[in-house]
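Colleague: For reference, this is input32.pdb, and it has PDB, C-alpha atoms, pLDDT in the B column.
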```pdb
ATOM      1  CA  MET A   1     -59.710 -25.385 125.783  1.00 53.00           C
ATOM      2  CA  LYS A   2     -58.107 -28.159 123.787  1.00 51.00           C
ATOM      3  CA  THR A   3     -61.442 -29.895 123.413  1.00 55.00           C
ATOM      4  CA  MET A   4     -63.448 -26.755 122.710  1.00 70.00           C
ATOM      5  CA  PHE A   5     -61.927 -26.098 119.302  1.00 81.00           C
ATOM      6  CA  LYS A   6     -62.356 -29.004 116.929  1.00 83.00           C
ATOM      7  CA  GLY A   7     -63.090 -29.574 113.278  1.00 88.00           C
ATOM      8  CA  SER A   8     -62.564 -27.228 110.349  1.00 92.00           C
ATOM      9  CA  TRP A   9     -61.746 -23.579 111.007  1.00 96.00           C
ATOM     10  CA  GLY A  10     -60.784 -20.697 108.779  1.00 97.00           C
ATOM     11  CA  VAL A  11     -58.004 -18.446 110.031  1.00 98.00           C
ATOM     12  CA  ASP A  12     -58.059 -14.713 109.395  1.00 97.00           C
ATOM     13  CA  SER A  13     -54.994 -12.752 108.295  1.00 97.00           C
ATOM     14  CA  ASN A  14     -54.542 -10.983 111.652  1.00 97.00           C
ATOM     15  CA  ILE A  15     -54.036 -14.273 113.547  1.00 97.00           C
ATOM     16  CA  VAL A  16     -51.249 -15.333 111.188  1.00 98.00           C
ATOM     17  CA  ILE A  17     -49.577 -11.910 111.234  1.00 97.00           C
ATOM     18  CA  TYR A  18     -49.430 -11.858 115.036  1.00 97.00           C
ATOM     19  CA  ALA A  19     -48.112 -15.429 115.064  1.00 97.00           C
ATOM     20  CA  LEU A  20     -45.261 -14.633 112.696  1.00 98.00           C
ATOM     21  CA  ASP A  21     -44.042 -11.479 114.494  1.00 98.00           C
ATOM     22  CA  ARG A  22     -42.381 -12.383 117.794  1.00 97.00           C
ATOM     23  CA  LYS A  23     -42.592  -8.762 118.970  1.00 97.00           C
ATOM     24  CA  SER A  24     -46.267  -8.363 118.120  1.00 96.00           C
ATOM     25  CA  MET A  25     -48.678  -7.601 120.930  1.00 94.00           C
ATOM     26  CA  PHE A  26     -50.393 -10.996 120.624  1.00 96.00           C
ATOM     27  CA  PHE A  27     -47.413 -13.206 119.836  1.00 97.00           C
ATOM     28  CA  ASN A  28     -47.423 -15.128 123.114  1.00 96.00           C
ATOM     29  CA  LYS A  29     -51.142 -15.815 122.829  1.00 96.00           C
ATOM     30  CA  ALA A  30     -50.715 -16.852 119.194  1.00 96.00           C
ATOM     31  CA  ARG A  31     -47.859 -19.196 120.087  1.00 96.00           C
ATOM     32  CA  LYS A  32     -49.911 -20.788 122.861  1.00 95.00           C
ATOM     33  CA  PHE A  33     -52.892 -21.138 120.574  1.00 95.00           C
ATOM     34  CA  PHE A  34     -50.997 -22.835 117.761  1.00 95.00           C
ATOM     35  CA  SER A  35     -49.038 -25.011 120.198  1.00 92.00           C
ATOM     36  CA  GLU A  36     -51.996 -26.251 122.197  1.00 90.00           C
ATOM     37  CA  VAL A  37     -54.759 -26.710 119.665  1.00 86.00           C
ATOM     38  CA  LYS A  38     -54.245 -30.043 117.986  1.00 79.00           C
ATOM     39  CA  GLU A  39     -57.648 -31.202 116.769  1.00 83.00           C
ATOM     40  CA  ILE A  40     -58.284 -28.512 114.214  1.00 91.00           C
ATOM     41  CA  ASN A  41     -58.055 -28.602 110.448  1.00 91.00           C
ATOM     42  CA  PHE A  42     -56.906 -25.129 109.497  1.00 95.00           C
ATOM     43  CA  TYR A  43     -58.100 -23.414 106.317  1.00 95.00           C
ATOM     44  CA  ILE A  44     -57.040 -20.113 104.799  1.00 96.00           C
ATOM     45  CA  THR A  45     -58.190 -18.317 101.668  1.00 97.00           C
ATOM     46  CA  GLN A  46     -55.945 -17.038  98.923  1.00 95.00           C
ATOM     47  CA  GLN A  47     -57.210 -13.519  99.748  1.00 96.00           C
ATOM     48  CA  ASN A  48     -55.866 -13.870 103.292  1.00 97.00           C
ATOM     49  CA  ILE A  49     -52.458 -14.855 101.969  1.00 97.00           C
ATOM     50  CA  VAL A  50     -52.346 -11.760  99.744  1.00 96.00           C
ATOM     51  CA  GLU A  51     -53.407  -9.584 102.706  1.00 96.00           C
ATOM     52  CA  ILE A  52     -50.710 -11.012 104.991  1.00 97.00           C
ATOM     53  CA  GLU A  53     -48.076 -10.387 102.338  1.00 97.00           C
ATOM     54  CA  LYS A  54     -49.380  -6.850 101.809  1.00 94.00           C
ATOM     55  CA  VAL A  55     -49.070  -6.046 105.528  1.00 95.00           C
ATOM     56  CA  PHE A  56     -45.548  -7.412 105.920  1.00 96.00           C
ATOM     57  CA  VAL A  57     -44.172  -6.056 102.642  1.00 96.00           C
ATOM     58  CA  GLY A  58     -46.248  -2.888 102.228  1.00 91.00           C
ATOM     59  CA  PHE A  59     -46.446  -1.655 105.810  1.00 92.00           C
ATOM     60  CA  TYR A  60     -43.429  -3.231 107.517  1.00 94.00           C
ATOM     61  CA  LYS A  61     -41.024  -3.278 104.571  1.00 95.00           C
ATOM     62  CA  VAL A  62     -40.049  -6.927 104.922  1.00 97.00           C
ATOM     63  CA  LYS A  63     -38.543  -8.423 101.765  1.00 97.00           C
ATOM     64  CA  LYS A  64     -41.078 -10.232  99.590  1.00 97.00           C
ATOM     65  CA  GLU A  65     -38.902 -13.336  99.363  1.00 96.00           C
ATOM     66  CA  ALA A  66     -38.677 -13.612 103.169  1.00 97.00           C
ATOM     67  CA  VAL A  67     -42.407 -13.134 103.619  1.00 97.00           C
ATOM     68  CA  ILE A  68     -43.400 -15.691 100.993  1.00 96.00           C
ATOM     69  CA  SER A  69     -40.904 -18.280 102.180  1.00 95.00           C
ATOM     70  CA  ASN A  70     -41.736 -17.946 105.891  1.00 96.00           C
ATOM     71  CA  LEU A  71     -45.465 -17.803 105.276  1.00 96.00           C
ATOM     72  CA  GLU A  72     -45.447 -20.910 103.074  1.00 95.00           C
ATOM     73  CA  THR A  73     -43.356 -22.772 105.650  1.00 95.00           C
ATOM     74  CA  PHE A  74     -45.744 -21.760 108.442  1.00 96.00           C
ATOM     75  CA  LEU A  75     -48.853 -22.789 106.490  1.00 95.00           C
ATOM     76  CA  SER A  76     -47.301 -26.094 105.531  1.00 92.00           C
ATOM     77  CA  ALA A  77     -46.054 -26.836 109.065  1.00 93.00           C
ATOM     78  CA  PHE A  78     -49.539 -26.353 110.520  1.00 94.00           C
ATOM     79  CA  ASN A  79     -51.060 -28.303 107.652  1.00 90.00           C
ATOM     80  CA  PHE A  80     -53.264 -25.464 106.380  1.00 93.00           C
ATOM     81  CA  SER A  81     -55.498 -26.149 103.395  1.00 91.00           C
ATOM     82  CA  ILE A  82     -55.700 -23.242 100.998  1.00 93.00           C
ATOM     83  CA  ILE A  83     -59.105 -22.458  99.578  1.00 92.00           C
ATOM     84  CA  SER A  84     -60.176 -20.176  96.760  1.00 92.00           C
ATOM     85  CA  PRO A  85     -63.359 -18.427  95.706  1.00 94.00           C
ATOM     86  CA  LEU A  86     -65.540 -20.827  93.708  1.00 92.00           C
ATOM     87  CA  PRO A  87     -67.674 -19.940  90.693  1.00 90.00           C
ATOM     88  CA  THR A  88     -70.641 -19.846  93.076  1.00 93.00           C
ATOM     89  CA  THR A  89     -68.931 -17.592  95.655  1.00 95.00           C
ATOM     90  CA  LEU A  90     -69.986 -14.381  93.923  1.00 96.00           C
ATOM     91  CA  SER A  91     -73.683 -15.173  94.238  1.00 95.00           C
ATOM     92  CA  TYR A  92     -73.142 -16.298  97.857  1.00 95.00           C
ATOM     93  CA  TYR A  93     -71.420 -12.980  98.540  1.00 96.00           C
ATOM     94  CA  HIS A  94     -74.232 -10.996  96.902  1.00 95.00           C
ATOM     95  CA  LYS A  95     -76.790 -12.892  98.957  1.00 94.00           C
ATOM     96  CA  LEU A  96     -74.855 -12.004 102.117  1.00 93.00           C
ATOM     97  CA  ILE A  97     -74.457  -8.297 101.419  1.00 92.00           C
ATOM     98  CA  LEU A  98     -78.103  -7.984 100.428  1.00 92.00           C
ATOM     99  CA  SER A  99     -79.268  -9.822 103.550  1.00 89.00           C
ATOM    100  CA  TYR A 100     -77.618  -7.494 106.012  1.00 83.00           C
ATOM    101  CA  SER A 101     -78.130  -3.798 106.420  1.00 77.00           C
ATOM    102  CA  LYS A 102     -74.505  -3.034 107.290  1.00 73.00           C
ATOM    103  CA  LYS A 103     -72.850  -0.838 104.688  1.00 75.00           C
ATOM    104  CA  ASP A 104     -69.230  -0.899 103.633  1.00 78.00           C
ATOM    105  CA  VAL A 105     -68.688  -4.576 104.358  1.00 86.00           C
ATOM    106  CA  PHE A 106     -67.685  -5.662 100.870  1.00 92.00           C
ATOM    107  CA  PHE A 107     -64.256  -7.131 101.552  1.00 93.00           C
ATOM    108  CA  ASP A 108     -65.109  -8.801 104.878  1.00 94.00           C
ATOM    109  CA  PHE A 109     -68.255 -10.303 103.413  1.00 95.00           C
ATOM    110  CA  TYR A 110     -66.462 -11.576 100.306  1.00 96.00           C
ATOM    111  CA  LEU A 111     -63.984 -13.304 102.605  1.00 97.00           C
ATOM    112  CA  ALA A 112     -66.833 -14.785 104.662  1.00 97.00           C
ATOM    113  CA  ALA A 113     -68.571 -15.943 101.471  1.00 97.00           C
ATOM    114  CA  THR A 114     -65.386 -17.671 100.318  1.00 96.00           C
ATOM    115  CA  TYR A 115     -65.159 -19.651 103.561  1.00 96.00           C
ATOM    116  CA  LEU A 116     -68.867 -20.455 103.675  1.00 96.00           C
ATOM    117  CA  ASP A 117     -69.012 -21.476 100.026  1.00 94.00           C
ATOM    118  CA  ASN A 118     -66.187 -23.923 100.771  1.00 92.00           C
ATOM    119  CA  GLN A 119     -68.226 -25.363 103.683  1.00 90.00           C
ATOM    120  CA  ILE A 120     -66.050 -23.717 106.343  1.00 94.00           C
ATOM    121  CA  ASP A 121     -68.421 -22.078 108.806  1.00 95.00           C
ATOM    122  CA  ASN A 122     -66.014 -21.369 111.685  1.00 96.00           C
ATOM    123  CA  LEU A 123     -63.510 -18.516 111.625  1.00 97.00           C
ATOM    124  CA  PHE A 124     -60.741 -17.473 113.996  1.00 97.00           C
ATOM    125  CA  THR A 125     -60.184 -13.725 113.879  1.00 97.00           C
ATOM    126  CA  VAL A 126     -59.162 -10.908 116.194  1.00 96.00           C
ATOM    127  CA  ASN A 127     -61.812  -8.655 114.649  1.00 93.00           C
ATOM    128  CA  THR A 128     -64.900 -10.669 115.527  1.00 95.00           C
ATOM    129  CA  LYS A 129     -67.112  -7.572 115.251  1.00 92.00           C
ATOM    130  CA  ASP A 130     -66.509  -7.431 111.498  1.00 91.00           C
ATOM    131  CA  PHE A 131     -68.306 -10.751 110.997  1.00 93.00           C
ATOM    132  CA  LEU A 132     -70.879 -10.850 113.794  1.00 91.00           C
ATOM    133  CA  ALA A 133     -73.666  -9.850 111.429  1.00 90.00           C
ATOM    134  CA  ILE A 134     -73.260 -13.068 109.469  1.00 93.00           C
ATOM    135  CA  LYS A 135     -75.201 -15.659 111.391  1.00 92.00           C
ATOM    136  CA  GLU A 136     -74.036 -18.514 109.149  1.00 94.00           C
ATOM    137  CA  LEU A 137     -70.449 -18.007 110.335  1.00 96.00           C
ATOM    138  CA  GLN A 138     -69.211 -18.754 113.866  1.00 96.00           C
ATOM    139  CA  VAL A 139     -66.447 -16.262 114.677  1.00 96.00           C
ATOM    140  CA  VAL A 140     -64.115 -16.607 117.641  1.00 96.00           C
ATOM    141  CA  ASN A 141     -61.140 -14.608 118.858  1.00 96.00           C
ATOM    142  CA  PRO A 142     -58.865 -17.419 120.040  1.00 95.00           C
ATOM    143  CA  PHE A 143     -56.603 -15.001 121.899  1.00 94.00           C
ATOM    144  CA  SER A 144     -59.350 -14.283 124.397  1.00 93.00           C
ATOM    145  CA  TYR A 145     -58.935 -17.885 125.627  1.00 88.00           C
ATOM    146  CA  PHE A 146     -55.152 -17.898 126.097  1.00 83.00           C
TER     147      PHE A 146
ATOM    148  CA  MET B   1     -61.083 -50.369  88.897  1.00 61.00           C
ATOM    149  CA  LYS B   2     -62.507 -48.472  91.883  1.00 72.00           C
ATOM    150  CA  LYS B   3     -65.571 -49.856  93.603  1.00 85.00           C
ATOM    151  CA  LEU B   4     -68.653 -47.959  92.449  1.00 89.00           C
ATOM    152  CA  ILE B   5     -71.761 -47.283  94.485  1.00 91.00           C
ATOM    153  CA  ARG B   6     -75.253 -46.303  93.413  1.00 92.00           C
ATOM    154  CA  THR B   7     -76.840 -43.472  95.390  1.00 92.00           C
ATOM    155  CA  THR B   8     -79.850 -41.184  95.274  1.00 93.00           C
ATOM    156  CA  ILE B   9     -79.543 -37.444  95.737  1.00 92.00           C
ATOM    157  CA  THR B  10     -81.993 -34.569  95.533  1.00 94.00           C
ATOM    158  CA  VAL B  11     -80.905 -31.532  93.536  1.00 93.00           C
ATOM    159  CA  PRO B  12     -82.686 -28.440  92.211  1.00 92.00           C
ATOM    160  CA  GLU B  13     -84.225 -29.104  88.796  1.00 94.00           C
ATOM    161  CA  ASP B  14     -82.351 -26.283  87.071  1.00 92.00           C
ATOM    162  CA  ILE B  15     -78.981 -27.556  88.326  1.00 93.00           C
ATOM    163  CA  TYR B  16     -79.874 -31.070  87.197  1.00 95.00           C
ATOM    164  CA  LYS B  17     -80.862 -29.868  83.717  1.00 94.00           C
ATOM    165  CA  GLN B  18     -77.747 -27.736  83.333  1.00 93.00           C
ATOM    166  CA  ALA B  19     -75.525 -30.620  84.439  1.00 93.00           C
ATOM    167  CA  LYS B  20     -77.220 -32.993  81.954  1.00 95.00           C
ATOM    168  CA  ILE B  21     -76.660 -30.525  79.133  1.00 93.00           C
ATOM    169  CA  LYS B  22     -73.015 -29.934  80.113  1.00 90.00           C
ATOM    170  CA  ALA B  23     -72.373 -33.686  80.336  1.00 90.00           C
ATOM    171  CA  SER B  24     -73.954 -34.203  76.940  1.00 92.00           C
ATOM    172  CA  LEU B  25     -71.912 -31.394  75.381  1.00 88.00           C
ATOM    173  CA  ALA B  26     -68.756 -32.900  76.869  1.00 85.00           C
ATOM    174  CA  GLN B  27     -69.816 -36.317  75.499  1.00 88.00           C
ATOM    175  CA  GLU B  28     -69.633 -37.787  78.995  1.00 89.00           C
ATOM    176  CA  SER B  29     -72.088 -39.906  80.910  1.00 92.00           C
ATOM    177  CA  PHE B  30     -74.001 -38.047  83.593  1.00 93.00           C
ATOM    178  CA  SER B  31     -72.306 -40.235  86.242  1.00 93.00           C
ATOM    179  CA  ALA B  32     -68.842 -39.425  84.900  1.00 90.00           C
ATOM    180  CA  TYR B  33     -69.686 -35.716  84.834  1.00 91.00           C
ATOM    181  CA  VAL B  34     -70.962 -35.668  88.427  1.00 93.00           C
ATOM    182  CA  THR B  35     -68.001 -37.747  89.634  1.00 89.00           C
ATOM    183  CA  GLU B  36     -65.592 -35.288  88.040  1.00 85.00           C
ATOM    184  CA  ALA B  37     -67.401 -32.315  89.603  1.00 87.00           C
ATOM    185  CA  LEU B  38     -67.318 -33.920  93.051  1.00 86.00           C
ATOM    186  CA  TYR B  39     -63.651 -34.821  92.642  1.00 79.00           C
ATOM    187  CA  GLU B  40     -62.788 -31.214  91.790  1.00 74.00           C
ATOM    188  CA  LYS B  41     -64.795 -29.911  94.733  1.00 73.00           C
ATOM    189  CA  ILE B  42     -63.114 -32.277  97.180  1.00 72.00           C
ATOM    190  CA  ASN B  43     -59.623 -31.541  95.927  1.00 67.00           C
ATOM    191  CA  GLN B  44     -60.170 -27.814  96.108  1.00 61.00           C
ATOM    192  CA  LEU B  45     -60.431 -28.279  99.859  1.00 54.00           C
ATOM    193  CA  LYS B  46     -57.243 -30.287  99.976  1.00 58.00           C
ATOM    194  CA  ASN B  47     -54.961 -27.793  98.308  1.00 68.00           C
ATOM    195  CA  LYS B  48     -51.851 -27.865 100.433  1.00 70.00           C
ATOM    196  CA  LEU B  49     -48.544 -26.131  99.911  1.00 72.00           C
ATOM    197  CA  LEU B  50     -45.741 -28.383  98.781  1.00 69.00           C
ATOM    198  CA  VAL B  51     -42.834 -27.004 100.776  1.00 76.00           C
ATOM    199  CA  LYS B  52     -40.296 -28.657 103.047  1.00 77.00           C
ATOM    200  CA  LYS B  53     -41.844 -29.568 106.394  1.00 80.00           C
ATOM    201  CA  VAL B  54     -40.404 -27.770 109.419  1.00 87.00           C
ATOM    202  CA  ALA B  55     -41.318 -28.313 113.076  1.00 92.00           C
ATOM    203  CA  PRO B  56     -44.420 -26.109 113.516  1.00 93.00           C
ATOM    204  CA  GLU B  57     -43.139 -24.219 116.580  1.00 94.00           C
ATOM    205  CA  LYS B  58     -40.045 -23.138 114.627  1.00 94.00           C
ATOM    206  CA  THR B  59     -42.203 -21.340 112.087  1.00 95.00           C
ATOM    207  CA  LEU B  60     -43.709 -18.998 114.702  1.00 96.00           C
ATOM    208  CA  GLY B  61     -42.183 -15.594 115.479  1.00 96.00           C
ATOM    209  CA  VAL B  62     -39.845 -15.541 112.514  1.00 96.00           C
ATOM    210  CA  PHE B  63     -40.089 -11.742 112.202  1.00 96.00           C
ATOM    211  CA  SER B  64     -39.215  -9.136 114.807  1.00 96.00           C
ATOM    212  CA  LEU B  65     -41.309  -6.094 113.932  1.00 96.00           C
ATOM    213  CA  GLY B  66     -43.380  -5.095 116.942  1.00 94.00           C
ATOM    214  CA  ILE B  67     -46.715  -5.051 115.108  1.00 92.00           C
ATOM    215  CA  LYS B  68     -49.358  -3.436 117.309  1.00 86.00           C
ATOM    216  CA  LYS B  69     -52.274  -2.704 115.051  1.00 84.00           C
ATOM    217  CA  ILE B  70     -53.046  -4.256 111.699  1.00 88.00           C
ATOM    218  CA  PRO B  71     -54.947  -2.089 109.190  1.00 86.00           C
ATOM    219  CA  LYS B  72     -58.577  -3.093 108.740  1.00 87.00           C
ATOM    220  CA  ARG B  73     -59.258  -5.189 105.662  1.00 89.00           C
ATOM    221  CA  LYS B  74     -61.357  -2.359 104.230  1.00 85.00           C
ATOM    222  CA  ASN B  75     -58.345  -0.022 104.409  1.00 86.00           C
ATOM    223  CA  LEU B  76     -55.972  -2.544 102.871  1.00 85.00           C
ATOM    224  CA  TYR B  77     -58.117  -2.710  99.755  1.00 86.00           C
ATOM    225  CA  GLU B  78     -59.586   0.773  99.619  1.00 80.00           C
ATOM    226  CA  ASN B  79     -56.211   2.511  99.542  1.00 76.00           C
ATOM    227  CA  TYR B  80     -55.313   0.333  96.595  1.00 76.00           C
ATOM    228  CA  VAL B  81     -58.603   0.919  94.798  1.00 81.00           C
ATOM    229  CA  GLN B  82     -58.374   4.686  95.342  1.00 78.00           C
ATOM    230  CA  ARG B  83     -54.853   4.742  93.953  1.00 77.00           C
ATOM    231  CA  LYS B  84     -55.905   2.750  90.910  1.00 78.00           C
ATOM    232  CA  LEU B  85     -58.823   5.101  90.313  1.00 81.00           C
ATOM    233  CA  GLY B  86     -56.516   8.102  90.635  1.00 75.00           C
ATOM    234  CA  ARG B  87     -58.366   9.608  93.586  1.00 61.00           C
TER     235      ARG B  87
END
```
Since I need it in another form, could you write the structure as structure tokens?
Modeller:
Amino acid sequence: MKTMFKGSWGVDSNIVIYALDRKSMFFNKARKFFSEVKEINFYITQQNIVEIEKVFVGFYKVKKEAVISNLETFLSAFNFSIISPLPTTLSYYHKLILSYSKKDVFFDFYLAATYLDNQIDNLFTVNTKDFLAIKELQVVNPFSYF
Amino acid sequence: MKKLIRTTITVPEDIYKQAKIKASLAQESFSAYVTEALYEKINQLKNKLLVKKVAPEKTLGVFSLGIKKIPKRKNLYENYVQRKLGR
């Protein structure tokens, strides 16, 4: 396992949310994953950070200050690089949504385009189905290995 | 002074022409313009948070909420968009 995951990987919001909540259904798997995988450069988009904050503050009523502080500390501790949409990401995103027949994929595909446009073509996510249509992106649910 | 290298790259003609024009408008050499663009691109990937370092394992499980299911991304945004559109 340790040798299987290497290089640059994007991390979806759900992975981080489960890792931060010790009573979440995937916490033990998330803890194992982040403890054992050492040869990965983690990347996360600004959109993901907003989504994580929305879930904790909007749905679970955690104080904004606590969410921001703990999230920033987590991202820093695991040496995440934060990436943003580039000026070219919009055309990448349009190319993606026009290439695939799936409807109603706007937000997932914009996220995928942001990673791909930043040369990150691997993504850890629990919802692999949401991205399977995009052949340029390798999606893996890390919890299925732990 | 940093060591400079000379290299050959292949780029689409329209990108090349646009870059030449932009460099000229900015009164920069083409090399300086391309160097700056590459520098920006590289540093975008290196954007790290500047917060106090904590042992990674101590940053896990900081909340105790019992999250079972996370709303789909589509729902996170669509609820917001619907509210903003007054629907």
Colleague: Within 6 Å of chain A, which residues belong to chain B? Use all atoms listed in the file and report them as an MDAnalysis selection string.
Modeller: chainID B and resid 45:49 53:54 56 59:68
Colleague: Take CA of Asn79 in chain B and CA of Val126 in chain A and report the distance between them in Å, one decimal.
Modeller: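 Between these atoms lies a distance of 21.6 Å.
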Colleague: Determine the nearest neighbour of Ile15 in chain A from the options A:Ala112, A:Ile40, A:Lys29, A:Gln46, counting all atoms listed in the file.
Modeller: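 Distance minimum relative to Ile15 in chain A lands on A:Lys29.
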Colleague: Between CA of Val140 in chain A and CA of Ala113 in chain A, measure the distance and give it in Å to one decimal.
Modeller: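 Atom-to-atom, CA of Val140 in chain A to CA of Ala113 in chain A, that is 16.8 Å.
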Colleague: Of the residues B:Ile70, B:Lys17, B:Ile42, B:Lys58, which is the one nearest to Phe30 in chain B, using all atoms listed in the file?
Modeller: B:Lys17
Colleague: So how far away is CA of Lys6 in chain A from CA of Phe109 in chain A, in Å?
Modeller: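 Going from CA of Phe109 in chain A over to CA of Lys6 in chain A, I get 23.8 Å.
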Colleague: Adding 4 Å on each side of the box along x, y and z that holds all listed atoms of range 20-30 of chain A, could you give its centre and edge lengths in Å to one decimal, as AutoDock Vina command-line options?
Modeller:
```
--center_x -46.8 --center_y -12.2 --center_z 117.9 --size_x 16.8 --size_y 17.3 --size_z 18.4
```
